[in-house]
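Visitor: I'm passing along protein20.pdb; it holds PDB, C-alpha atoms.
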```pdb
ATOM      1  CA  MET A 168     -28.313 112.641 -50.295
ATOM      2  CA  LYS A 169     -30.133 112.534 -46.929
ATOM      3  CA  SER A 170     -33.265 110.964 -48.428
ATOM      4  CA  LEU A 171     -31.108 108.433 -50.264
ATOM      5  CA  ARG A 172     -29.582 107.452 -46.930
ATOM      6  CA  ARG A 173     -33.045 107.033 -45.399
ATOM      7  CA  VAL A 174     -34.128 104.822 -48.296
ATOM      8  CA  ALA A 175     -31.004 102.705 -47.758
ATOM      9  CA  LEU A 176     -31.740 102.519 -44.012
ATOM     10  CA  TYR A 177     -35.317 101.354 -44.573
ATOM     11  CA  ALA A 178     -34.208  98.905 -47.269
ATOM     12  CA  GLY A 179     -31.583  97.435 -44.932
ATOM     13  CA  LEU A 180     -34.033  97.203 -42.036
ATOM     14  CA  THR A 181     -36.694  95.604 -44.238
ATOM     15  CA  LEU A 182     -34.222  93.014 -45.488
ATOM     16  CA  ALA A 183     -33.036  92.263 -41.928
ATOM     17  CA  ALA A 184     -36.607  92.133 -40.583
ATOM     18  CA  LEU A 185     -37.557  89.721 -43.372
ATOM     19  CA  THR A 186     -34.879  87.271 -42.241
ATOM     20  CA  PHE A 187     -36.412  87.440 -38.754
ATOM     21  CA  ILE A 188     -40.063  87.232 -39.762
ATOM     22  CA  TYR A 189     -39.875  84.971 -42.828
ATOM     23  CA  PRO A 190     -39.001  81.769 -40.894
ATOM     24  CA  PHE A 191     -42.161  82.254 -38.858
ATOM     25  CA  LEU A 192     -44.277  82.894 -41.944
ATOM     26  CA  TRP A 193     -42.738  79.787 -43.490
ATOM     27  CA  MET A 194     -43.435  77.800 -40.322
ATOM     28  CA  THR A 195     -47.034  79.019 -40.287
ATOM     29  CA  SER A 196     -47.538  78.232 -43.967
ATOM     30  CA  ALA A 197     -45.948  74.778 -43.440
ATOM     31  CA  THR A 198     -48.722  73.855 -41.011
ATOM     32  CA  PHE A 199     -51.170  74.020 -43.936
ATOM     33  CA  LYS A 200     -49.045  72.035 -46.405
ATOM     34  CA  PRO A 201     -48.560  68.299 -46.971
ATOM     35  CA  PRO A 202     -45.062  67.090 -45.902
ATOM     36  CA  LEU A 203     -43.670  67.012 -49.447
ATOM     37  CA  GLU A 204     -44.523  70.668 -50.046
ATOM     38  CA  VAL A 205     -43.150  71.953 -46.737
ATOM     39  CA  GLY A 206     -39.852  72.950 -48.347
ATOM     40  CA  SER A 207     -41.401  75.083 -51.072
ATOM     41  CA  LEU A 208     -40.857  78.846 -50.844
TER      42      LEU A 208
ATOM     43  CA  MET B 219     -35.309 100.170  14.747
ATOM     44  CA  ARG B 220     -35.657  96.617  16.069
ATOM     45  CA  ALA B 221     -39.214  96.412  14.758
ATOM     46  CA  GLU B 222     -37.932  97.605  11.372
ATOM     47  CA  GLN B 223     -35.185  94.972  11.392
ATOM     48  CA  LYS B 224     -37.692  92.299  12.337
ATOM     49  CA  SER B 225     -40.134  93.220   9.589
ATOM     50  CA  GLY B 226     -37.228  93.491   7.101
ATOM     51  CA  SER B 227     -36.030  90.003   8.028
ATOM     52  CA  LEU B 228     -39.553  88.651   7.785
ATOM     53  CA  MET B 229     -40.101  90.185   4.354
ATOM     54  CA  SER B 230     -36.780  88.938   2.982
ATOM     55  CA  ALA B 231     -37.235  85.465   4.520
ATOM     56  CA  PRO B 232     -39.173  84.008   1.545
ATOM     57  CA  TYR B 233     -36.336  84.971  -0.804
ATOM     58  CA  GLY B 234     -33.804  83.594   1.678
ATOM     59  CA  VAL B 235     -35.659  80.254   1.722
ATOM     60  CA  PHE B 236     -35.911  80.304  -2.090
ATOM     61  CA  LEU B 237     -32.164  80.944  -2.343
ATOM     62  CA  LEU B 238     -31.364  78.136   0.093
ATOM     63  CA  VAL B 239     -33.638  75.595  -1.609
ATOM     64  CA  PHE B 240     -32.975  76.434  -5.260
ATOM     65  CA  ALA B 241     -29.395  77.774  -5.244
ATOM     66  CA  VAL B 242     -27.353  76.876  -2.146
ATOM     67  CA  TYR B 243     -28.663  73.310  -1.763
ATOM     68  CA  PRO B 244     -28.234  72.278  -5.463
ATOM     69  CA  ILE B 245     -24.719  73.760  -5.565
ATOM     70  CA  ALA B 246     -23.727  72.022  -2.321
ATOM     71  CA  PHE B 247     -25.314  68.755  -3.546
ATOM     72  CA  ALA B 248     -23.422  68.986  -6.868
ATOM     73  CA  ILE B 249     -20.131  69.515  -5.031
ATOM     74  CA  VAL B 250     -20.847  66.498  -2.782
ATOM     75  CA  LEU B 251     -21.756  64.408  -5.870
ATOM     76  CA  VAL B 252     -18.277  65.071  -7.311
ATOM     77  CA  PHE B 253     -16.931  62.655  -4.699
ATOM     78  CA  LEU B 254     -19.634  60.009  -5.169
ATOM     79  CA  GLN B 255     -20.700  57.389  -7.669
ATOM     80  CA  TRP B 256     -24.452  57.285  -8.057
ATOM     81  CA  ASP B 257     -26.673  55.706 -10.721
ATOM     82  CA  LEU B 258     -29.962  57.152  -9.404
ATOM     83  CA  VAL B 259     -31.135  53.621  -8.490
ATOM     84  CA  THR B 260     -28.716  52.145  -5.944
ATOM     85  CA  ALA B 261     -27.281  53.989  -2.944
ATOM     86  CA  PRO B 262     -24.399  56.381  -3.709
ATOM     87  CA  THR B 263     -20.874  55.142  -2.923
ATOM     88  CA  PHE B 264     -17.805  57.190  -2.052
ATOM     89  CA  ALA B 265     -15.476  57.536  -5.036
ATOM     90  CA  GLY B 266     -12.809  59.877  -3.694
ATOM     91  CA  ALA B 267     -11.189  61.854  -6.513
ATOM     92  CA  ASP B 268     -11.984  59.237  -9.195
ATOM     93  CA  ASN B 269     -14.427  61.510 -11.027
ATOM     94  CA  VAL B 270     -11.924  64.388 -11.106
ATOM     95  CA  ARG B 271      -9.135  62.090 -12.340
ATOM     96  CA  LEU B 272     -11.437  60.679 -15.033
ATOM     97  CA  LEU B 273     -12.416  64.186 -16.132
ATOM     98  CA  LEU B 274      -8.816  65.334 -16.480
ATOM     99  CA  HIS B 275      -8.070  62.425 -18.846
ATOM    100  CA  ASP B 276     -11.425  62.346 -20.634
ATOM    101  CA  GLY B 277     -10.852  63.185 -24.315
ATOM    102  CA  ARG B 278     -14.584  63.546 -24.964
ATOM    103  CA  PHE B 279     -14.928  66.212 -22.275
ATOM    104  CA  TRP B 280     -12.021  68.255 -23.641
ATOM    105  CA  ARG B 281     -13.394  67.792 -27.170
ATOM    106  CA  ALA B 282     -16.712  69.209 -25.901
ATOM    107  CA  VAL B 283     -14.856  72.128 -24.261
ATOM    108  CA  ALA B 284     -13.024  72.816 -27.546
ATOM    109  CA  ASN B 285     -16.329  72.643 -29.464
ATOM    110  CA  THR B 286     -17.877  75.123 -27.037
ATOM    111  CA  PHE B 287     -14.944  77.516 -27.519
ATOM    112  CA  VAL B 288     -15.355  77.209 -31.317
ATOM    113  CA  PHE B 289     -19.015  78.085 -30.851
ATOM    114  CA  LEU B 290     -18.160  81.066 -28.614
ATOM    115  CA  SER B 291     -15.499  82.371 -31.007
ATOM    116  CA  ILE B 292     -18.187  82.681 -33.700
ATOM    117  CA  HIS B 293     -21.219  83.500 -31.572
ATOM    118  CA  VAL B 294     -19.921  86.276 -29.273
ATOM    119  CA  PRO B 295     -18.378  88.579 -31.945
ATOM    120  CA  LEU B 296     -21.324  87.971 -34.274
ATOM    121  CA  GLN B 297     -23.744  88.760 -31.455
ATOM    122  CA  ILE B 298     -22.016  92.047 -30.591
ATOM    123  CA  VAL B 299     -21.732  93.248 -34.196
ATOM    124  CA  SER B 300     -25.278  92.300 -35.202
ATOM    125  CA  ALA B 301     -26.889  93.656 -32.005
ATOM    126  CA  LEU B 302     -24.933  96.920 -32.156
ATOM    127  CA  ALA B 303     -25.672  97.445 -35.862
ATOM    128  CA  LEU B 304     -29.385  96.848 -35.349
ATOM    129  CA  ALA B 305     -29.482  99.047 -32.240
ATOM    130  CA  LEU B 306     -27.779 101.905 -34.114
ATOM    131  CA  ALA B 307     -30.325 101.589 -36.926
ATOM    132  CA  LEU B 308     -33.295 101.363 -34.548
ATOM    133  CA  ASN B 309     -32.082 104.324 -32.474
ATOM    134  CA  ARG B 310     -32.921 106.724 -35.326
ATOM    135  CA  GLN B 311     -36.213 108.467 -35.932
ATOM    136  CA  LEU B 312     -38.083 105.728 -37.791
ATOM    137  CA  ALA B 313     -41.639 105.339 -39.023
ATOM    138  CA  GLY B 314     -43.165 102.292 -37.290
ATOM    139  CA  ARG B 315     -40.325 102.047 -34.776
ATOM    140  CA  SER B 316     -42.304  99.652 -32.541
ATOM    141  CA  PHE B 317     -42.849  97.293 -35.482
ATOM    142  CA  TRP B 318     -39.103  97.128 -36.233
ATOM    143  CA  ARG B 319     -38.230  96.503 -32.591
ATOM    144  CA  ALA B 320     -40.897  93.804 -32.247
ATOM    145  CA  ALA B 321     -39.734  92.115 -35.455
ATOM    146  CA  PHE B 322     -36.189  91.696 -34.151
ATOM    147  CA  PHE B 323     -37.371  90.655 -30.679
ATOM    148  CA  LEU B 324     -39.755  87.996 -32.012
ATOM    149  CA  PRO B 325     -37.317  85.007 -31.867
ATOM    150  CA  VAL B 326     -36.382  85.783 -28.230
ATOM    151  CA  VAL B 327     -39.865  84.919 -26.988
ATOM    152  CA  ILE B 328     -40.079  81.650 -28.936
ATOM    153  CA  SER B 329     -39.012  78.416 -27.200
ATOM    154  CA  GLY B 330     -35.453  77.302 -27.988
ATOM    155  CA  ALA B 331     -36.647  73.818 -28.967
ATOM    156  CA  VAL B 332     -39.167  75.249 -31.441
ATOM    157  CA  VAL B 333     -36.536  77.526 -32.979
ATOM    158  CA  ALA B 334     -34.121  74.581 -33.230
ATOM    159  CA  ILE B 335     -36.725  72.463 -35.060
ATOM    160  CA  LEU B 336     -37.550  75.389 -37.336
ATOM    161  CA  TRP B 337     -33.893  75.973 -38.210
ATOM    162  CA  SER B 338     -33.316  72.234 -38.744
ATOM    163  CA  ASN B 339     -35.873  72.530 -41.524
ATOM    164  CA  LEU B 340     -34.300  75.728 -42.853
ATOM    165  CA  TYR B 341     -30.848  74.078 -42.883
ATOM    166  CA  ALA B 342     -32.039  70.760 -44.389
ATOM    167  CA  THR B 343     -29.767  69.846 -47.293
ATOM    168  CA  ASP B 344     -32.367  68.800 -49.860
ATOM    169  CA  VAL B 345     -35.571  70.601 -48.934
ATOM    170  CA  GLY B 346     -34.341  73.378 -46.638
ATOM    171  CA  LEU B 347     -35.329  76.928 -47.430
ATOM    172  CA  ILE B 348     -31.735  78.234 -47.334
ATOM    173  CA  ASN B 349     -30.475  75.665 -49.840
ATOM    174  CA  ARG B 350     -33.491  76.245 -52.056
ATOM    175  CA  VAL B 351     -32.611  79.946 -52.183
ATOM    176  CA  LEU B 352     -28.959  79.060 -52.881
ATOM    177  CA  MET B 353     -29.991  76.717 -55.696
ATOM    178  CA  LYS B 354     -32.254  79.394 -57.184
ATOM    179  CA  LEU B 355     -29.207  81.669 -57.220
ATOM    180  CA  GLY B 356     -27.227  78.941 -59.017
ATOM    181  CA  ALA B 357     -25.093  77.836 -56.052
ATOM    182  CA  ALA B 358     -24.612  74.255 -54.854
ATOM    183  CA  PRO B 359     -26.571  73.168 -51.751
ATOM    184  CA  VAL B 360     -24.559  73.130 -48.514
ATOM    185  CA  PRO B 361     -24.926  70.236 -46.010
ATOM    186  CA  TRP B 362     -25.156  72.738 -43.142
ATOM    187  CA  LEU B 363     -25.757  70.332 -40.264
ATOM    188  CA  THR B 364     -24.140  67.194 -41.652
ATOM    189  CA  ASP B 365     -20.734  68.601 -42.610
ATOM    190  CA  PRO B 366     -18.318  68.761 -39.624
ATOM    191  CA  ALA B 367     -16.932  72.069 -40.929
ATOM    192  CA  THR B 368     -20.277  73.885 -41.149
ATOM    193  CA  ALA B 369     -22.356  72.318 -38.358
ATOM    194  CA  MET B 370     -21.089  74.405 -35.423
ATOM    195  CA  PRO B 371     -20.970  77.719 -37.375
ATOM    196  CA  ALA B 372     -24.540  77.017 -38.545
ATOM    197  CA  ILE B 373     -25.663  76.519 -34.938
ATOM    198  CA  ALA B 374     -23.771  79.671 -33.868
ATOM    199  CA  VAL B 375     -25.577  81.736 -36.527
ATOM    200  CA  MET B 376     -28.912  80.317 -35.392
ATOM    201  CA  VAL B 377     -28.284  81.070 -31.708
ATOM    202  CA  THR B 378     -27.126  84.601 -32.614
ATOM    203  CA  TRP B 379     -30.296  85.109 -34.659
ATOM    204  CA  LYS B 380     -32.444  83.891 -31.779
ATOM    205  CA  ASN B 381     -30.870  86.112 -29.108
ATOM    206  CA  VAL B 382     -30.026  89.280 -31.033
ATOM    207  CA  GLY B 383     -33.286  91.037 -30.095
ATOM    208  CA  PHE B 384     -32.444  90.778 -26.394
ATOM    209  CA  TYR B 385     -29.013  92.346 -26.849
ATOM    210  CA  VAL B 386     -30.452  95.047 -29.154
ATOM    211  CA  ILE B 387     -32.598  96.178 -26.197
ATOM    212  CA  ILE B 388     -29.483  96.420 -23.993
ATOM    213  CA  TYR B 389     -27.610  98.484 -26.608
ATOM    214  CA  LEU B 390     -30.671 100.685 -27.267
ATOM    215  CA  ALA B 391     -30.864 101.503 -23.552
ATOM    216  CA  GLY B 392     -27.179 102.454 -23.615
ATOM    217  CA  LEU B 393     -27.523 104.567 -26.754
ATOM    218  CA  GLN B 394     -30.359 106.549 -25.197
ATOM    219  CA  TYR B 395     -28.144 107.390 -22.203
ATOM    220  CA  ILE B 396     -25.502 109.150 -24.327
ATOM    221  CA  PRO B 397     -26.019 112.846 -23.475
ATOM    222  CA  ARG B 398     -27.405 114.923 -26.323
ATOM    223  CA  SER B 399     -24.926 117.680 -25.416
ATOM    224  CA  CYS B 400     -21.976 115.344 -26.135
ATOM    225  CA  GLN B 401     -23.452 114.398 -29.510
ATOM    226  CA  GLU B 402     -23.976 118.045 -30.411
ATOM    227  CA  ALA B 403     -20.489 118.997 -29.228
ATOM    228  CA  ILE B 404     -18.795 116.353 -31.374
ATOM    229  CA  GLU B 405     -20.928 117.386 -34.369
ATOM    230  CA  VAL B 406     -19.951 121.053 -33.874
ATOM    231  CA  GLU B 407     -16.322 119.943 -33.814
ATOM    232  CA  GLY B 408     -16.883 118.627 -37.330
ATOM    233  CA  ALA B 409     -16.461 114.911 -36.611
ATOM    234  CA  THR B 410     -17.444 112.494 -39.366
ATOM    235  CA  ALA B 411     -20.049 109.758 -38.785
ATOM    236  CA  TRP B 412     -17.264 107.209 -38.275
ATOM    237  CA  GLN B 413     -15.441 109.478 -35.780
ATOM    238  CA  ARG B 414     -18.682 110.039 -33.850
ATOM    239  CA  PHE B 415     -19.165 106.274 -33.663
ATOM    240  CA  ARG B 416     -15.532 105.469 -32.825
ATOM    241  CA  TYR B 417     -14.829 108.192 -30.254
ATOM    242  CA  LEU B 418     -18.250 108.805 -28.680
ATOM    243  CA  THR B 419     -20.725 105.972 -29.214
ATOM    244  CA  LEU B 420     -18.382 102.985 -28.859
ATOM    245  CA  PRO B 421     -16.657 104.120 -25.607
ATOM    246  CA  SER B 422     -19.978 105.320 -24.134
ATOM    247  CA  LEU B 423     -21.364 101.805 -24.570
ATOM    248  CA  LEU B 424     -18.600 100.145 -22.529
ATOM    249  CA  PRO B 425     -20.958  98.910 -19.743
ATOM    250  CA  GLN B 426     -23.276  97.474 -22.429
ATOM    251  CA  HIS B 427     -20.359  95.775 -24.208
ATOM    252  CA  ILE B 428     -19.299  94.168 -20.923
ATOM    253  CA  LEU B 429     -22.847  93.012 -20.215
ATOM    254  CA  VAL B 430     -23.405  91.647 -23.736
ATOM    255  CA  ILE B 431     -20.058  89.835 -23.789
ATOM    256  CA  THR B 432     -20.569  88.383 -20.306
ATOM    257  CA  LEU B 433     -24.152  87.243 -20.907
ATOM    258  CA  SER B 434     -23.527  85.839 -24.378
ATOM    259  CA  THR B 435     -20.439  83.983 -23.090
ATOM    260  CA  ILE B 436     -22.332  82.459 -20.149
ATOM    261  CA  ASN B 437     -25.287  81.554 -22.392
ATOM    262  CA  GLY B 438     -22.875  80.174 -24.995
ATOM    263  CA  PHE B 439     -21.217  77.875 -22.462
ATOM    264  CA  GLN B 440     -24.670  76.526 -21.624
ATOM    265  CA  LEU B 441     -25.297  75.510 -25.237
ATOM    266  CA  PHE B 442     -27.547  72.463 -25.097
ATOM    267  CA  ILE B 443     -30.974  72.606 -26.771
ATOM    268  CA  GLU B 444     -29.677  73.427 -30.247
ATOM    269  CA  PRO B 445     -27.151  70.567 -30.647
ATOM    270  CA  TYR B 446     -29.486  68.198 -28.777
ATOM    271  CA  VAL B 447     -32.382  68.883 -31.157
ATOM    272  CA  MET B 448     -30.539  69.660 -34.395
ATOM    273  CA  THR B 449     -27.510  67.347 -34.519
ATOM    274  CA  GLY B 450     -27.421  65.155 -31.401
ATOM    275  CA  GLY B 451     -23.781  66.261 -31.015
ATOM    276  CA  GLY B 452     -22.687  65.152 -34.487
ATOM    277  CA  PRO B 453     -21.357  65.068 -37.134
ATOM    278  CA  LEU B 454     -18.157  63.462 -35.781
ATOM    279  CA  ARG B 455     -18.950  65.006 -32.358
ATOM    280  CA  ARG B 456     -18.212  68.487 -33.728
ATOM    281  CA  THR B 457     -21.303  69.989 -32.089
ATOM    282  CA  TYR B 458     -21.017  68.019 -28.854
ATOM    283  CA  SER B 459     -21.225  70.763 -26.222
ATOM    284  CA  VAL B 460     -20.176  70.460 -22.569
ATOM    285  CA  VAL B 461     -23.774  70.610 -21.310
ATOM    286  CA  LEU B 462     -24.862  67.962 -23.833
ATOM    287  CA  TYR B 463     -22.047  65.720 -22.564
ATOM    288  CA  LEU B 464     -23.141  66.438 -18.980
ATOM    289  CA  TYR B 465     -26.751  65.584 -19.839
ATOM    290  CA  ASN B 466     -25.790  62.309 -21.528
ATOM    291  CA  ASN B 467     -23.644  61.265 -18.568
ATOM    292  CA  ALA B 468     -26.436  62.047 -16.120
ATOM    293  CA  PHE B 469     -29.494  60.723 -17.923
ATOM    294  CA  SER B 470     -28.235  58.298 -20.598
ATOM    295  CA  TYR B 471     -25.374  56.630 -18.675
ATOM    296  CA  GLN B 472     -26.742  57.347 -15.139
ATOM    297  CA  LYS B 473     -23.330  58.633 -13.983
ATOM    298  CA  MET B 474     -24.592  61.360 -11.683
ATOM    299  CA  GLY B 475     -21.268  61.816  -9.889
ATOM    300  CA  TYR B 476     -19.374  62.292 -13.120
ATOM    301  CA  ALA B 477     -22.086  64.588 -14.525
ATOM    302  CA  ALA B 478     -21.815  66.732 -11.375
ATOM    303  CA  THR B 479     -18.037  66.849 -11.848
ATOM    304  CA  ILE B 480     -18.547  68.112 -15.418
ATOM    305  CA  GLY B 481     -21.002  70.711 -14.093
ATOM    306  CA  VAL B 482     -18.608  71.986 -11.449
ATOM    307  CA  ALA B 483     -15.752  72.072 -13.985
ATOM    308  CA  LEU B 484     -17.965  74.023 -16.409
ATOM    309  CA  ALA B 485     -18.828  76.551 -13.675
ATOM    310  CA  LEU B 486     -15.102  77.014 -12.959
ATOM    311  CA  ILE B 487     -14.304  77.426 -16.680
ATOM    312  CA  ILE B 488     -17.112  79.997 -17.091
ATOM    313  CA  GLY B 489     -15.895  81.868 -14.020
ATOM    314  CA  ALA B 490     -12.299  81.928 -15.307
ATOM    315  CA  VAL B 491     -13.272  83.054 -18.821
ATOM    316  CA  VAL B 492     -15.610  85.801 -17.560
ATOM    317  CA  PHE B 493     -12.932  86.956 -15.089
ATOM    318  CA  VAL B 494     -10.357  87.271 -17.892
ATOM    319  CA  GLN B 495     -12.892  89.016 -20.145
ATOM    320  CA  ARG B 496     -13.729  91.567 -17.443
ATOM    321  CA  ARG B 497     -10.046  92.226 -16.781
ATOM    322  CA  VAL B 498      -9.377  92.776 -20.509
ATOM    323  CA  ILE B 499     -12.535  94.634 -21.568
ATOM    324  CA  GLY B 500     -13.243  96.392 -18.272
ATOM    325  CA  ARG B 501     -10.245  98.735 -18.681
ATOM    326  CA  PRO B 502     -11.284 102.167 -20.040
ATOM    327  CA  GLU B 503      -8.473 102.064 -22.621
ATOM    328  CA  ALA B 504      -9.832  98.752 -24.019
ATOM    329  CA  LEU B 505     -12.042 100.693 -26.437
TER     330      LEU B 505
END
```
Represent the structure of the file as structure tokens.

Guide:
Amino acid sequence: MKSLRRVALYAGLTLAALTFIYPFLWMTSATFKPPLEVGSL
Amino acid sequence: MRAEQKSGSLMSAPYGVFLLVFAVYPIAFAIVLVFLQWDLVTAPTFAGADNVRLLLHDGRFWRAVANTFVFLSIHVPLQIVSALALALALNRQLAGRSFWRAAFFLPVVISGAVVAILWSNLYATDVGLINRVLMKLGAAPVPWLTDPATAMPAIAVMVTWKNVGFYVIIYLAGLQYIPRSCQEAIEVEGATAWQRFRYLTLPSLLPQHILVITLSTINGFQLFIEPYVMTGGGPLRRTYSVVLYLYNNAFSYQKMGYAATIGVALALIIGAVVFVQRRVIGRPEAL
């Protein structure tokens, strides 16, 4: 039960951290793309 | 003693000069400008209470005030909940704790204009990342920044996202000040996780709640970069903030006297709101 809670904690934190880091990764990747491809995931 | 006083005065003099030049003088100048008409080019002329009268009957100003309150009503609660939740999670024994803290603090150190441009792209209706994810999930794209109903909430979410790392630090500091003995005592008493949070953690963080609410309210009232960069105050003036209106009056219409009047009014509104907040939240029984 305790390890399950830890897995949930790490999963939640990873998901939250992704929403904070992903825009910057996207911004960085966009600098290497032509304008039409900027919106791609 | 006199020598000590003299050296103390000498050492504090630079800050005194700084305060006079960068705080007292601008405030006094803004108050004087309230009674003047000045276009930055010709000499200022005395306007009496014209600027104040105009402000009281200016629908655009009150619309901007209402917009700012809409923004605050979304931003402040969202900021408290998200910062507290993240702080509670980060206060545990975690592998790579520094990485997690840095990840959430990252947007705080980025320029507001850069973040606003970035989020404009994320919110873009056709090519924005958020709508692309929504479309992949089978949902219809949302015109985040072009629909009057979603524009201000979208900006509020963005500002909350940008600042949450700063408020997480404040809550983390508070959480680490809760005595271990109190936590052990409440655990021995058999309290559930919710009871520990409700009756120990939440009341112990009262000074942090006051600080977070006060700072996020003051910052919220100063909303400018995000609507300026992302929407220009639109659609239908729904994201027109008080500071954006002030800026336009000062530097687009060259009405420095009226802009100063808006600034002084905003300072009074902020003071009144923060005063009421402190009276309501500052009571121990508030939590």

Visitor: Would you translate the PyMOL selection byres ((chain B and resi 248) around 9) into the concrete set of residues it matches in this file, as an MDAnalysis selection string?

Guide: chainID B and resid 243:247 249:252 475 477:479 481:482

Visitor: What separation in Å, quoted to one decimal, exists between CA of Gln297 in chain B and CA of Tyr463 in chain B?

Guide: 24.8 Å

Visitor: List, as a ChimeraX atom specification, every residue that the ChimeraX specification (/A :<9) & /B selects in the file provided.

Guide: /B:304,307-308,312,318,321-325,336-337,339-340,344-347,350-351,379-380

Visitor: Just want the 6 Å neighbourhood of range 447-460 of chain B, counted on only C-alpha atoms, with same-chain residues fewer than 3 positions away dropped. Output as a ChimeraX atom specification.

Guide: /B:282-283,286,338,364,366,370,443-444,463

Visitor: Name the residues captured by the PyMOL selection byres ((chain B and resi 382) around 12) when it is applied to the shown file; answer as a PDB file with C-alpha atoms, in the frame of the given file.

Guide:
```
ATOM      1  CA  ALA A 183     -33.036  92.263 -41.928  1.00  0.00           C
ATOM      2  CA  ALA A 184     -36.607  92.133 -40.583  1.00  0.00           C
ATOM      3  CA  PHE A 187     -36.412  87.440 -38.754  1.00  0.00           C
TER       4      PHE A 187
ATOM      5  CA  HIS B 293     -21.219  83.500 -31.572  1.00  0.00           C
ATOM      6  CA  VAL B 294     -19.921  86.276 -29.273  1.00  0.00           C
ATOM      7  CA  PRO B 295     -18.378  88.579 -31.945  1.00  0.00           C
ATOM      8  CA  LEU B 296     -21.324  87.971 -34.274  1.00  0.00           C
ATOM      9  CA  GLN B 297     -23.744  88.760 -31.455  1.00  0.00           C
ATOM     10  CA  ILE B 298     -22.016  92.047 -30.591  1.00  0.00           C
ATOM     11  CA  VAL B 299     -21.732  93.248 -34.196  1.00  0.00           C
ATOM     12  CA  SER B 300     -25.278  92.300 -35.202  1.00  0.00           C
ATOM     13  CA  ALA B 301     -26.889  93.656 -32.005  1.00  0.00           C
ATOM     14  CA  LEU B 302     -24.933  96.920 -32.156  1.00  0.00           C
ATOM     15  CA  ALA B 303     -25.672  97.445 -35.862  1.00  0.00           C
ATOM     16  CA  LEU B 304     -29.385  96.848 -35.349  1.00  0.00           C
ATOM     17  CA  ALA B 305     -29.482  99.047 -32.240  1.00  0.00           C
ATOM     18  CA  ARG B 319     -38.230  96.503 -32.591  1.00  0.00           C
ATOM     19  CA  ALA B 320     -40.897  93.804 -32.247  1.00  0.00           C
ATOM     20  CA  ALA B 321     -39.734  92.115 -35.455  1.00  0.00           C
ATOM     21  CA  PHE B 322     -36.189  91.696 -34.151  1.00  0.00           C
ATOM     22  CA  PHE B 323     -37.371  90.655 -30.679  1.00  0.00           C
ATOM     23  CA  LEU B 324     -39.755  87.996 -32.012  1.00  0.00           C
ATOM     24  CA  PRO B 325     -37.317  85.007 -31.867  1.00  0.00           C
ATOM     25  CA  VAL B 326     -36.382  85.783 -28.230  1.00  0.00           C
ATOM     26  CA  VAL B 327     -39.865  84.919 -26.988  1.00  0.00           C
ATOM     27  CA  ALA B 374     -23.771  79.671 -33.868  1.00  0.00           C
ATOM     28  CA  VAL B 375     -25.577  81.736 -36.527  1.00  0.00           C
ATOM     29  CA  MET B 376     -28.912  80.317 -35.392  1.00  0.00           C
ATOM     30  CA  VAL B 377     -28.284  81.070 -31.708  1.00  0.00           C
ATOM     31  CA  THR B 378     -27.126  84.601 -32.614  1.00  0.00           C
ATOM     32  CA  TRP B 379     -30.296  85.109 -34.659  1.00  0.00           C
ATOM     33  CA  LYS B 380     -32.444  83.891 -31.779  1.00  0.00           C
ATOM     34  CA  ASN B 381     -30.870  86.112 -29.108  1.00  0.00           C
ATOM     35  CA  GLY B 383     -33.286  91.037 -30.095  1.00  0.00           C
ATOM     36  CA  PHE B 384     -32.444  90.778 -26.394  1.00  0.00           C
ATOM     37  CA  TYR B 385     -29.013  92.346 -26.849  1.00  0.00           C
ATOM     38  CA  VAL B 386     -30.452  95.047 -29.154  1.00  0.00           C
ATOM     39  CA  ILE B 387     -32.598  96.178 -26.197  1.00  0.00           C
ATOM     40  CA  ILE B 388     -29.483  96.420 -23.993  1.00  0.00           C
ATOM     41  CA  TYR B 389     -27.610  98.484 -26.608  1.00  0.00           C
ATOM     42  CA  VAL B 430     -23.405  91.647 -23.736  1.00  0.00           C
ATOM     43  CA  LEU B 433     -24.152  87.243 -20.907  1.00  0.00           C
ATOM     44  CA  SER B 434     -23.527  85.839 -24.378  1.00  0.00           C
TER      45      SER B 434
END
```
